[in-house]
>>> print(open('target08.cif').read())   # mmCIF, N, CA and C atoms
data_start
#
loop_
_atom_site.group_PDB
_atom_site.id
_atom_site.type_symbol
_atom_site.label_atom_id
_atom_site.label_comp_id
_atom_site.auth_asym_id
_atom_site.auth_seq_id
_atom_site.Cartn_x
_atom_site.Cartn_y
_atom_site.Cartn_z
ATOM 1 N N LYS A 1 90.526 105.882 121.865
ATOM 2 C CA LYS A 1 89.810 104.853 121.120
ATOM 3 C C LYS A 1 89.707 105.207 119.640
ATOM 4 N N GLY A 2 89.438 106.483 119.321
ATOM 5 C CA GLY A 2 89.269 106.909 117.943
ATOM 6 C C GLY A 2 90.502 106.675 117.106
ATOM 7 N N ALA A 3 91.687 106.993 117.662
ATOM 8 C CA ALA A 3 92.939 106.817 116.915
ATOM 9 C C ALA A 3 93.215 105.332 116.685
ATOM 10 N N GLY A 4 92.918 104.512 117.676
ATOM 11 C CA GLY A 4 93.121 103.073 117.535
ATOM 12 C C GLY A 4 92.198 102.479 116.484
ATOM 13 N N GLU A 5 90.963 102.939 116.464
ATOM 14 C CA GLU A 5 90.006 102.446 115.474
ATOM 15 C C GLU A 5 90.438 102.855 114.064
ATOM 16 N N LEU A 6 90.904 104.088 113.933
ATOM 17 C CA LEU A 6 91.364 104.574 112.641
ATOM 18 C C LEU A 6 92.561 103.757 112.159
ATOM 19 N N ALA A 7 93.489 103.466 113.055
ATOM 20 C CA ALA A 7 94.662 102.652 112.706
ATOM 21 C C ALA A 7 94.227 101.251 112.274
ATOM 22 N N HIS A 8 93.232 100.694 112.976
ATOM 23 C CA HIS A 8 92.709 99.363 112.636
ATOM 24 C C HIS A 8 92.088 99.378 111.234
ATOM 25 N N LEU A 9 91.304 100.406 110.938
ATOM 26 C CA LEU A 9 90.660 100.507 109.623
ATOM 27 C C LEU A 9 91.705 100.676 108.517
ATOM 28 N N ARG A 10 92.718 101.476 108.786
ATOM 29 C CA ARG A 10 93.785 101.664 107.785
ATOM 30 C C ARG A 10 94.536 100.355 107.543
ATOM 31 N N ALA A 11 94.746 99.581 108.604
ATOM 32 C CA ALA A 11 95.416 98.286 108.464
ATOM 33 C C ALA A 11 94.565 97.341 107.617
ATOM 34 N N LYS A 12 93.248 97.355 107.837
ATOM 35 C CA LYS A 12 92.340 96.517 107.035
ATOM 36 C C LYS A 12 92.380 96.936 105.576
ATOM 37 N N ALA A 13 92.370 98.250 105.327
ATOM 38 C CA ALA A 13 92.423 98.756 103.952
ATOM 39 C C ALA A 13 93.728 98.333 103.281
ATOM 40 N N GLU A 14 94.824 98.368 104.015
ATOM 41 C CA GLU A 14 96.129 97.949 103.487
ATOM 42 C C GLU A 14 96.127 96.451 103.189
ATOM 43 N N GLN A 15 95.497 95.690 104.069
ATOM 44 C CA GLN A 15 95.419 94.235 103.922
ATOM 45 C C GLN A 15 94.651 93.847 102.651
ATOM 46 N N LEU A 16 93.723 94.696 102.227
ATOM 47 C CA LEU A 16 92.937 94.429 101.018
ATOM 48 C C LEU A 16 93.810 94.232 99.788
ATOM 49 N N LYS A 17 94.963 94.902 99.751
ATOM 50 C CA LYS A 17 95.833 94.812 98.580
ATOM 51 C C LYS A 17 96.211 93.371 98.266
ATOM 52 N N GLY A 18 96.267 92.547 99.284
ATOM 53 C CA GLY A 18 96.632 91.148 99.077
ATOM 54 C C GLY A 18 95.453 90.242 98.785
ATOM 55 N N GLU A 19 94.253 90.777 98.839
ATOM 56 C CA GLU A 19 93.063 89.955 98.597
ATOM 57 C C GLU A 19 92.796 89.800 97.109
ATOM 58 N N ARG A 20 92.395 88.612 96.746
ATOM 59 C CA ARG A 20 92.012 88.306 95.369
ATOM 60 C C ARG A 20 90.742 87.482 95.445
ATOM 61 N N LEU A 21 89.619 88.102 95.126
ATOM 62 C CA LEU A 21 88.331 87.415 95.173
ATOM 63 C C LEU A 21 88.044 86.834 93.796
ATOM 64 N N VAL A 22 87.796 85.531 93.741
ATOM 65 C CA VAL A 22 87.545 84.877 92.455
ATOM 66 C C VAL A 22 86.084 84.431 92.406
ATOM 67 N N PHE A 23 85.412 84.831 91.345
ATOM 68 C CA PHE A 23 84.028 84.426 91.101
ATOM 69 C C PHE A 23 84.002 83.610 89.814
ATOM 70 N N LYS A 24 83.433 82.414 89.889
ATOM 71 C CA LYS A 24 83.296 81.548 88.718
ATOM 72 C C LYS A 24 81.883 81.745 88.159
ATOM 73 N N VAL A 25 81.794 81.981 86.859
ATOM 74 C CA VAL A 25 80.499 82.242 86.229
ATOM 75 C C VAL A 25 80.326 81.374 84.992
ATOM 76 N N LYS A 26 79.059 81.146 84.645
ATOM 77 C CA LYS A 26 78.750 80.411 83.409
ATOM 78 C C LYS A 26 78.976 81.343 82.229
ATOM 79 N N VAL A 27 79.572 80.772 81.175
ATOM 80 C CA VAL A 27 79.914 81.564 79.999
ATOM 81 C C VAL A 27 79.300 80.923 78.767
ATOM 82 N N GLY A 28 78.790 81.760 77.873
ATOM 83 C CA GLY A 28 78.205 81.271 76.631
ATOM 84 C C GLY A 28 79.256 80.962 75.584
ATOM 85 N N GLU A 29 78.803 80.483 74.450
ATOM 86 C CA GLU A 29 79.717 80.090 73.362
ATOM 87 C C GLU A 29 80.555 81.260 72.858
ATOM 88 N N ARG A 30 80.008 82.468 72.917
ATOM 89 C CA ARG A 30 80.719 83.637 72.414
ATOM 90 C C ARG A 30 81.443 84.399 73.525
ATOM 91 N N GLY A 31 81.582 83.777 74.691
ATOM 92 C CA GLY A 31 82.310 84.402 75.790
ATOM 93 C C GLY A 31 81.482 85.327 76.658
ATOM 94 N N GLU A 32 80.177 85.431 76.370
ATOM 95 C CA GLU A 32 79.331 86.295 77.200
ATOM 96 C C GLU A 32 79.044 85.606 78.530
ATOM 97 N N ILE A 33 78.972 86.397 79.592
ATOM 98 C CA ILE A 33 78.698 85.787 80.893
ATOM 99 C C ILE A 33 77.222 85.952 81.225
ATOM 100 N N PHE A 34 76.689 84.969 81.943
ATOM 101 C CA PHE A 34 75.265 84.930 82.242
ATOM 102 C C PHE A 34 74.921 85.505 83.613
ATOM 103 N N VAL A 35 75.926 85.717 84.439
ATOM 104 C CA VAL A 35 75.695 86.261 85.782
ATOM 105 C C VAL A 35 76.594 87.476 85.946
ATOM 106 N N VAL A 36 76.014 88.608 86.360
ATOM 107 C CA VAL A 36 76.850 89.773 86.625
ATOM 108 C C VAL A 36 77.200 89.788 88.107
ATOM 109 N N ILE A 37 78.325 90.390 88.436
ATOM 110 C CA ILE A 37 78.779 90.470 89.820
ATOM 111 C C ILE A 37 78.445 91.877 90.338
ATOM 112 N N HIS A 38 77.549 91.927 91.322
ATOM 113 C CA HIS A 38 77.132 93.191 91.926
ATOM 114 C C HIS A 38 77.978 93.490 93.162
ATOM 115 N N ALA A 39 77.942 94.744 93.609
ATOM 116 C CA ALA A 39 78.683 95.167 94.798
ATOM 117 C C ALA A 39 78.318 94.312 96.008
ATOM 118 N N ALA A 40 77.032 93.985 96.164
ATOM 119 C CA ALA A 40 76.585 93.200 97.328
ATOM 120 C C ALA A 40 77.266 91.834 97.368
ATOM 121 N N LYS A 41 77.485 91.234 96.203
ATOM 122 C CA LYS A 41 78.134 89.919 96.151
ATOM 123 C C LYS A 41 79.602 90.030 96.591
ATOM 124 N N ILE A 42 80.256 91.110 96.196
ATOM 125 C CA ILE A 42 81.648 91.340 96.588
ATOM 126 C C ILE A 42 81.724 91.623 98.089
ATOM 127 N N GLU A 43 80.788 92.436 98.601
ATOM 128 C CA GLU A 43 80.739 92.729 100.038
ATOM 129 C C GLU A 43 80.550 91.449 100.843
ATOM 130 N N GLN A 44 79.688 90.567 100.362
ATOM 131 C CA GLN A 44 79.441 89.289 101.045
ATOM 132 C C GLN A 44 80.719 88.445 101.077
ATOM 133 N N ALA A 45 81.437 88.396 99.958
ATOM 134 C CA ALA A 45 82.681 87.623 99.896
ATOM 135 C C ALA A 45 83.738 88.210 100.838
ATOM 136 N N LEU A 46 83.836 89.537 100.883
ATOM 137 C CA LEU A 46 84.785 90.173 101.799
ATOM 138 C C LEU A 46 84.378 89.936 103.251
ATOM 139 N N GLY A 47 83.091 89.975 103.537
ATOM 140 C CA GLY A 47 82.599 89.700 104.884
ATOM 141 C C GLY A 47 82.991 88.305 105.342
ATOM 142 N N GLY A 48 82.975 87.350 104.409
ATOM 143 C CA GLY A 48 83.376 85.983 104.708
ATOM 144 C C GLY A 48 84.860 85.864 105.008
ATOM 145 N N ARG A 49 85.632 86.884 104.651
ATOM 146 C CA ARG A 49 87.069 86.892 104.929
ATOM 147 C C ARG A 49 87.414 87.792 106.106
ATOM 148 N N GLY A 50 86.381 88.224 106.853
ATOM 149 C CA GLY A 50 86.638 88.985 108.069
ATOM 150 C C GLY A 50 86.593 90.497 107.935
ATOM 151 N N TYR A 51 86.222 90.995 106.765
ATOM 152 C CA TYR A 51 86.094 92.448 106.590
ATOM 153 C C TYR A 51 84.674 92.843 106.972
ATOM 154 N N GLU A 52 84.568 93.677 108.002
ATOM 155 C CA GLU A 52 83.250 94.087 108.491
ATOM 156 C C GLU A 52 83.042 95.573 108.280
ATOM 157 N N GLY A 53 81.787 95.975 108.184
ATOM 158 C CA GLY A 53 81.449 97.391 108.139
ATOM 159 C C GLY A 53 82.021 98.142 106.959
ATOM 160 N N MET A 54 82.083 97.499 105.803
ATOM 161 C CA MET A 54 82.600 98.173 104.618
ATOM 162 C C MET A 54 81.548 98.158 103.533
ATOM 163 N N GLY A 55 81.789 98.964 102.525
ATOM 164 C CA GLY A 55 80.925 99.002 101.356
ATOM 165 C C GLY A 55 81.780 99.024 100.111
ATOM 166 N N VAL A 56 81.245 98.466 99.032
ATOM 167 C CA VAL A 56 81.966 98.411 97.766
ATOM 168 C C VAL A 56 81.282 99.354 96.779
ATOM 169 N N THR A 57 82.085 100.137 96.076
ATOM 170 C CA THR A 57 81.551 101.041 95.059
ATOM 171 C C THR A 57 81.937 100.514 93.682
ATOM 172 N N LEU A 58 80.927 100.275 92.872
ATOM 173 C CA LEU A 58 81.157 99.866 91.487
ATOM 174 C C LEU A 58 80.441 100.866 90.576
ATOM 175 N N PRO A 59 81.096 101.356 89.528
ATOM 176 C CA PRO A 59 80.389 102.234 88.599
ATOM 177 C C PRO A 59 79.269 101.482 87.884
ATOM 178 N N HIS A 60 79.462 100.171 87.727
ATOM 179 C CA HIS A 60 78.457 99.291 87.112
ATOM 180 C C HIS A 60 78.801 97.861 87.519
ATOM 181 N N PRO A 61 77.822 96.949 87.509
ATOM 182 C CA PRO A 61 78.135 95.549 87.842
ATOM 183 C C PRO A 61 79.191 94.995 86.884
ATOM 184 N N LEU A 62 79.985 94.052 87.375
ATOM 185 C CA LEU A 62 81.034 93.448 86.547
ATOM 186 C C LEU A 62 80.396 92.445 85.591
ATOM 187 N N LYS A 63 80.609 92.669 84.287
ATOM 188 C CA LYS A 63 79.961 91.854 83.260
ATOM 189 C C LYS A 63 80.955 91.205 82.318
ATOM 190 N N SER A 64 82.240 91.246 82.672
ATOM 191 C CA SER A 64 83.225 90.666 81.764
ATOM 192 C C SER A 64 84.229 89.812 82.538
ATOM 193 N N LEU A 65 84.786 88.838 81.831
ATOM 194 C CA LEU A 65 85.811 87.990 82.428
ATOM 195 C C LEU A 65 87.070 88.811 82.633
ATOM 196 N N GLY A 66 87.892 88.381 83.568
ATOM 197 C CA GLY A 66 89.168 89.043 83.795
ATOM 198 C C GLY A 66 89.283 89.609 85.190
ATOM 199 N N GLU A 67 90.327 90.389 85.388
ATOM 200 C CA GLU A 67 90.622 90.968 86.699
ATOM 201 C C GLU A 67 90.117 92.404 86.745
ATOM 202 N N HIS A 68 89.456 92.735 87.835
ATOM 203 C CA HIS A 68 88.893 94.067 88.033
ATOM 204 C C HIS A 68 89.354 94.588 89.387
ATOM 205 N N GLU A 69 89.598 95.885 89.482
ATOM 206 C CA GLU A 69 89.946 96.497 90.758
ATOM 207 C C GLU A 69 88.716 97.245 91.262
ATOM 208 N N VAL A 70 88.340 96.989 92.517
ATOM 209 C CA VAL A 70 87.154 97.641 93.075
ATOM 210 C C VAL A 70 87.536 98.457 94.304
ATOM 211 N N GLU A 71 86.799 99.521 94.510
ATOM 212 C CA GLU A 71 87.006 100.427 95.642
ATOM 213 C C GLU A 71 86.191 99.912 96.826
ATOM 214 N N VAL A 72 86.833 99.791 97.981
ATOM 215 C CA VAL A 72 86.176 99.336 99.203
ATOM 216 C C VAL A 72 86.273 100.451 100.234
ATOM 217 N N HIS A 73 85.125 100.856 100.781
ATOM 218 C CA HIS A 73 85.071 101.967 101.730
ATOM 219 C C HIS A 73 84.771 101.449 103.133
ATOM 220 N N PHE A 74 85.559 101.909 104.085
ATOM 221 C CA PHE A 74 85.334 101.608 105.494
ATOM 222 C C PHE A 74 84.845 102.888 106.166
ATOM 223 N N ALA A 75 84.618 102.839 107.456
ATOM 224 C CA ALA A 75 84.199 104.024 108.216
ATOM 225 C C ALA A 75 85.335 105.046 108.265
ATOM 226 N N LYS A 76 85.031 106.234 108.727
ATOM 227 C CA LYS A 76 86.017 107.302 108.964
ATOM 228 C C LYS A 76 86.785 107.710 107.708
ATOM 229 N N GLY A 77 86.166 107.524 106.539
ATOM 230 C CA GLY A 77 86.792 107.954 105.293
ATOM 231 C C GLY A 77 87.941 107.093 104.814
ATOM 232 N N VAL A 78 88.129 105.918 105.394
ATOM 233 C CA VAL A 78 89.219 105.021 105.002
ATOM 234 C C VAL A 78 88.748 104.154 103.832
ATOM 235 N N SER A 79 89.581 104.024 102.806
ATOM 236 C CA SER A 79 89.219 103.162 101.688
ATOM 237 C C SER A 79 90.446 102.424 101.181
ATOM 238 N N GLY A 80 90.180 101.385 100.415
ATOM 239 C CA GLY A 80 91.249 100.590 99.827
ATOM 240 C C GLY A 80 90.738 99.951 98.557
ATOM 241 N N LYS A 81 91.585 99.185 97.913
ATOM 242 C CA LYS A 81 91.200 98.525 96.671
ATOM 243 C C LYS A 81 91.409 97.019 96.818
ATOM 244 N N ALA A 82 90.499 96.274 96.207
ATOM 245 C CA ALA A 82 90.610 94.814 96.194
ATOM 246 C C ALA A 82 90.539 94.343 94.750
ATOM 247 N N LYS A 83 91.171 93.209 94.468
ATOM 248 C CA LYS A 83 91.113 92.638 93.132
ATOM 249 C C LYS A 83 89.988 91.589 93.085
ATOM 250 N N VAL A 84 89.180 91.705 92.048
ATOM 251 C CA VAL A 84 88.105 90.757 91.818
ATOM 252 C C VAL A 84 88.376 90.095 90.465
ATOM 253 N N VAL A 85 88.401 88.775 90.458
ATOM 254 C CA VAL A 85 88.656 88.043 89.224
ATOM 255 C C VAL A 85 87.387 87.291 88.844
ATOM 256 N N VAL A 86 86.933 87.506 87.606
ATOM 257 C CA VAL A 86 85.771 86.802 87.085
ATOM 258 C C VAL A 86 86.286 85.784 86.082
ATOM 259 N N GLU A 87 86.031 84.482 86.380
ATOM 260 C CA GLU A 87 86.541 83.398 85.543
ATOM 261 C C GLU A 87 85.399 82.529 85.053
ATOM 262 N N ALA A 88 85.616 81.866 83.931
ATOM 263 C CA ALA A 88 84.643 80.913 83.408
ATOM 264 C C ALA A 88 84.648 79.654 84.274
ATOM 265 N N GLU A 89 83.466 79.079 84.474
ATOM 266 C CA GLU A 89 83.364 77.835 85.264
ATOM 267 C C GLU A 89 84.023 76.701 84.516
#
>>> encode(input="target08.cif", output="structure tokens")
Amino acid sequence: KGAGELAHLRAKAEQLKGERLVFKVKVGERGEIFVVIHAAKIEQALGGRGYEGMGVTLPHPLKSLGEHEVEVHFAKGVSGKAKVVVEAE
């Protein structure tokens, strides 16, 4: 069972490479964003796509427009990266 679970987690981590999470945010006249994207918001979005039992590590909340790469941790030391895009509404 352990080897099968590990293989499943590694497959999920590999699958993350194809994920692109897009968050639309309100932007001010000077390009500043009014809502920051926290790890919990990214975890919720990934959960909605079938990723369970993972956590997202961010050095700081995302506060700028553009594409960001985030680290996603699963059980058994398995991790992967997902792309998060912050766009103006």
>>> atom_distance(input="target08.cif", atom1="atom C of Pro61 of chain A", atom2="atom C of Gly31 of chain A")
14.3 Å
>>> resolve_selection(input="target08.cif", expression="the PyMOL selection byres ((chain A and resi 83-89) around 6.5)", output="number ranges by chain")
A: 16-17, 19-27, 64-70, 81-82
>>> atom_distance(input="target08.cif", atom1="atom CA of Lys76 of chain A", atom2="atom CA of Leu6 of chain A")
7.0 Å
>>> residues_around(input="target08.cif", residues="Ala75 of chain A", least_positions_apart="3", cutoff="8 Å", atoms="only C-alpha atoms", output="count of residues only")
4
>>> axis_aligned_box(input="target08.cif", around="segment 47-61 of chain A", padding_each_side="5 Å", output="JSON")
{"center_x": 82.6, "center_y": 94.0, "center_z": 97.7, "size_x": 19.6, "size_y": 26.4, "size_z": 31.6}
>>> select_by_dssp(input="target08.cif", residues="chain A", states="alpha helix (DSSP H)", output="list in words")
Gly2, Ala3, Gly4, Glu5, Leu6, Ala7, His8, Leu9, Arg10, Ala11, Lys12, Ala13, Glu14, Gln15, Ala39, Ala40, Lys41, Ile42, Glu43, Gln44, Ala45, Leu46 and Gly47 of chain A
>>> closest_residue(input="target08.cif", among="A:Tyr51, A:Lys63, A:Arg10, A:Glu5", to="Ile33 of chain A", atoms="only N, CA and C atoms")
A:Lys63
>>> residues_around(input="target08.cif", residues="segment 55-59 of chain A", least_positions_apart="5", cutoff="7 Å", atoms="all atoms listed in the file", output="list in words")
Ala39, Ala40, Ile42, Glu43, Val70, Glu71, Val72, His73, Phe74 and Ala75 of chain A
>>> select_by_dssp(input="target08.cif", residues="segment 15-77 of chain A", states="strand (DSSP E or B)", output="VMD selection string")
chain A and resid 20 to 25 27 33 37 55 to 57 62 66 to 73
>>> write_last_selection(input="target08.cif", atoms="N, CA and C atoms", output="mmCIF file, keeping the file's coordinate frame")
data_model
loop_
_atom_site.group_PDB
_atom_site.id
_atom_site.type_symbol
_atom_site.label_atom_id
_atom_site.label_comp_id
_atom_site.auth_asym_id
_atom_site.auth_seq_id
_atom_site.Cartn_x
_atom_site.Cartn_y
_atom_site.Cartn_z
ATOM 1 N N ARG A 20 92.395 88.612 96.746
ATOM 2 C CA ARG A 20 92.012 88.306 95.369
ATOM 3 C C ARG A 20 90.742 87.482 95.445
ATOM 4 N N LEU A 21 89.619 88.102 95.126
ATOM 5 C CA LEU A 21 88.331 87.415 95.173
ATOM 6 C C LEU A 21 88.044 86.834 93.796
ATOM 7 N N VAL A 22 87.796 85.531 93.741
ATOM 8 C CA VAL A 22 87.545 84.877 92.455
ATOM 9 C C VAL A 22 86.084 84.431 92.406
ATOM 10 N N PHE A 23 85.412 84.831 91.345
ATOM 11 C CA PHE A 23 84.028 84.426 91.101
ATOM 12 C C PHE A 23 84.002 83.610 89.814
ATOM 13 N N LYS A 24 83.433 82.414 89.889
ATOM 14 C CA LYS A 24 83.296 81.548 88.718
ATOM 15 C C LYS A 24 81.883 81.745 88.159
ATOM 16 N N VAL A 25 81.794 81.981 86.859
ATOM 17 C CA VAL A 25 80.499 82.242 86.229
ATOM 18 C C VAL A 25 80.326 81.374 84.992
ATOM 19 N N VAL A 27 79.572 80.772 81.175
ATOM 20 C CA VAL A 27 79.914 81.564 79.999
ATOM 21 C C VAL A 27 79.300 80.923 78.767
ATOM 22 N N ILE A 33 78.972 86.397 79.592
ATOM 23 C CA ILE A 33 78.698 85.787 80.893
ATOM 24 C C ILE A 33 77.222 85.952 81.225
ATOM 25 N N ILE A 37 78.325 90.390 88.436
ATOM 26 C CA ILE A 37 78.779 90.470 89.820
ATOM 27 C C ILE A 37 78.445 91.877 90.338
ATOM 28 N N GLY A 55 81.789 98.964 102.525
ATOM 29 C CA GLY A 55 80.925 99.002 101.356
ATOM 30 C C GLY A 55 81.780 99.024 100.111
ATOM 31 N N VAL A 56 81.245 98.466 99.032
ATOM 32 C CA VAL A 56 81.966 98.411 97.766
ATOM 33 C C VAL A 56 81.282 99.354 96.779
ATOM 34 N N THR A 57 82.085 100.137 96.076
ATOM 35 C CA THR A 57 81.551 101.041 95.059
ATOM 36 C C THR A 57 81.937 100.514 93.682
ATOM 37 N N LEU A 62 79.985 94.052 87.375
ATOM 38 C CA LEU A 62 81.034 93.448 86.547
ATOM 39 C C LEU A 62 80.396 92.445 85.591
ATOM 40 N N GLY A 66 87.892 88.381 83.568
ATOM 41 C CA GLY A 66 89.168 89.043 83.795
ATOM 42 C C GLY A 66 89.283 89.609 85.190
ATOM 43 N N GLU A 67 90.327 90.389 85.388
ATOM 44 C CA GLU A 67 90.622 90.968 86.699
ATOM 45 C C GLU A 67 90.117 92.404 86.745
ATOM 46 N N HIS A 68 89.456 92.735 87.835
ATOM 47 C CA HIS A 68 88.893 94.067 88.033
ATOM 48 C C HIS A 68 89.354 94.588 89.387
ATOM 49 N N GLU A 69 89.598 95.885 89.482
ATOM 50 C CA GLU A 69 89.946 96.497 90.758
ATOM 51 C C GLU A 69 88.716 97.245 91.262
ATOM 52 N N VAL A 70 88.340 96.989 92.517
ATOM 53 C CA VAL A 70 87.154 97.641 93.075
ATOM 54 C C VAL A 70 87.536 98.457 94.304
ATOM 55 N N GLU A 71 86.799 99.521 94.510
ATOM 56 C CA GLU A 71 87.006 100.427 95.642
ATOM 57 C C GLU A 71 86.191 99.912 96.826
ATOM 58 N N VAL A 72 86.833 99.791 97.981
ATOM 59 C CA VAL A 72 86.176 99.336 99.203
ATOM 60 C C VAL A 72 86.273 100.451 100.234
ATOM 61 N N HIS A 73 85.125 100.856 100.781
ATOM 62 C CA HIS A 73 85.071 101.967 101.730
ATOM 63 C C HIS A 73 84.771 101.449 103.133
#
>>> atom_distance(input="target08.cif", atom1="atom C of Ser79 of chain A", atom2="atom CA of Ile37 of chain A")
20.2 Å
>>> closest_residue(input="target08.cif", among="A:Val36, A:Ala45, A:Ala3, A:Ala13", to="Leu62 of chain A", atoms="all atoms listed in the file")
A:Val36
